[in-house]
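> Okay, here's the structure, questions in a sec.
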Amino acid sequence: MSFSELINKRQSVRKYLPRPVEKEKILKIVEAVHLAPSACNSQPWKIVIVDEPDLKSEVAKATFSKSVSFNKFIQEAPVIAVLVIEKARLITRIGGTIKNQEYPQYDIGIAAEHFSLQATDLGLGTCIVGWFDEKKIQQLLNIPAKRKIGLLITLGYSPEDYKLRKKIRKPIDQIYSFNSYS
Ligand SMILES: Cc1cc2nc3c(=O)[nH]c(=O)nc-3n(C[C@H](O)[C@H](O)[C@H](O)COP(=O)(O)O)c2cc1C
């Protein structure tokens, strides 16, 4: 698959088969995250891979409620990866304070995309998830309260008939300009 094909094929997958994900594939995805760039090469991330069914079910339950139910599909995913934001290197923290930037937040986003693209290349579906009960998941997975959870990513095989959707995006001329902001 070419890079263009890969980024077109990656989409948020919200339907999963109960089929388990092979450990080698999970480790290959971890390798892709390992290669992601980060501010000052801080690599401020840890991935907790949740595939134990009862625990996974509890983590899934922490992503939706009666009133906010759009993440209910997460219960179907055989794997949920939890991306924890680790403390960045001192130089990154100093730079972030001076420049008023939260570099680790960007880093975790890039890591999530590496995760998602590698998974797509391996024939797996993912959905990046930013809506969850952080405290609940910290407790379930023994994540210290001082460690922020950046994102969750669901991982699994989607049904054969799960279609590649047309990407819904702003008109492309609204997202760039040459030489001056407009
Ligand atoms: C930071 C972030 C948080 C997201 N949170 C959720 C979420 O909680 N639930 C969900 O179903 N999708 C979530 N998404 C997926 C987006 O809705 C999706 O990427 C976007 O609509 C574009 O669709 P596509 O991924 O299929 O191209 C999130 C994506 C990102 C990058």
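Chain identifiers are assigned as A, B, and so on, following the order in which chains appear in the structure tokens; residues are numbered from 1 within each chain, and ligands are numbered from 1 in order of appearance.
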Just want the 9 Å neighbourhood of Ser116 of chain A, counted on only C-alpha atoms, with same-chain residues fewer than 5 positions away dropped. Output as an NGL selection string.

:A and (10-11 or 29 or 111 or 121 or 124-128 or 153 or 155)

> Using only C-alpha atoms and all ligand atoms, determine which residues fall within 10 Å of ligand 1, then list them as number ranges by chain.

A: 7-14, 63-64, 69-74, 105, 108-110, 112-113, 116, 126-132, 150-154, 164-169

> Go through segment 62-156 of chain A and collect every residue that DSSP, computed from the backbone, puts in helix (DSSP H, G or I); the answer should be as a ChimeraX atom specification.

/A:72-76,90-99,103-121,134-140

> Check the smallest atom-to-atom distance from each of A:Ala32, A:Ala60, A:Leu117, A:Val84 to Arg147 of chain A using only C-alpha atoms, then report the winner.

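Comparing A:Ala32, A:Ala60, A:Leu117, A:Val84 against Arg147 of chain A, the winner is A:Val84.
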
> Quick one: residues within 12 Å of Leu55 of chain A, only C-alpha atoms, excluding same-chain residues fewer than 2 positions away - as a ChimeraX atom specification?

/A:48-53,57-62,75,78-80,136-137,139-142

> Residues at most 6 Å from segment 92-94 of chain A, counting only C-alpha atoms, excluding those fewer than 3 positions away in the same chain, as number ranges by chain?

A: 40, 89, 97
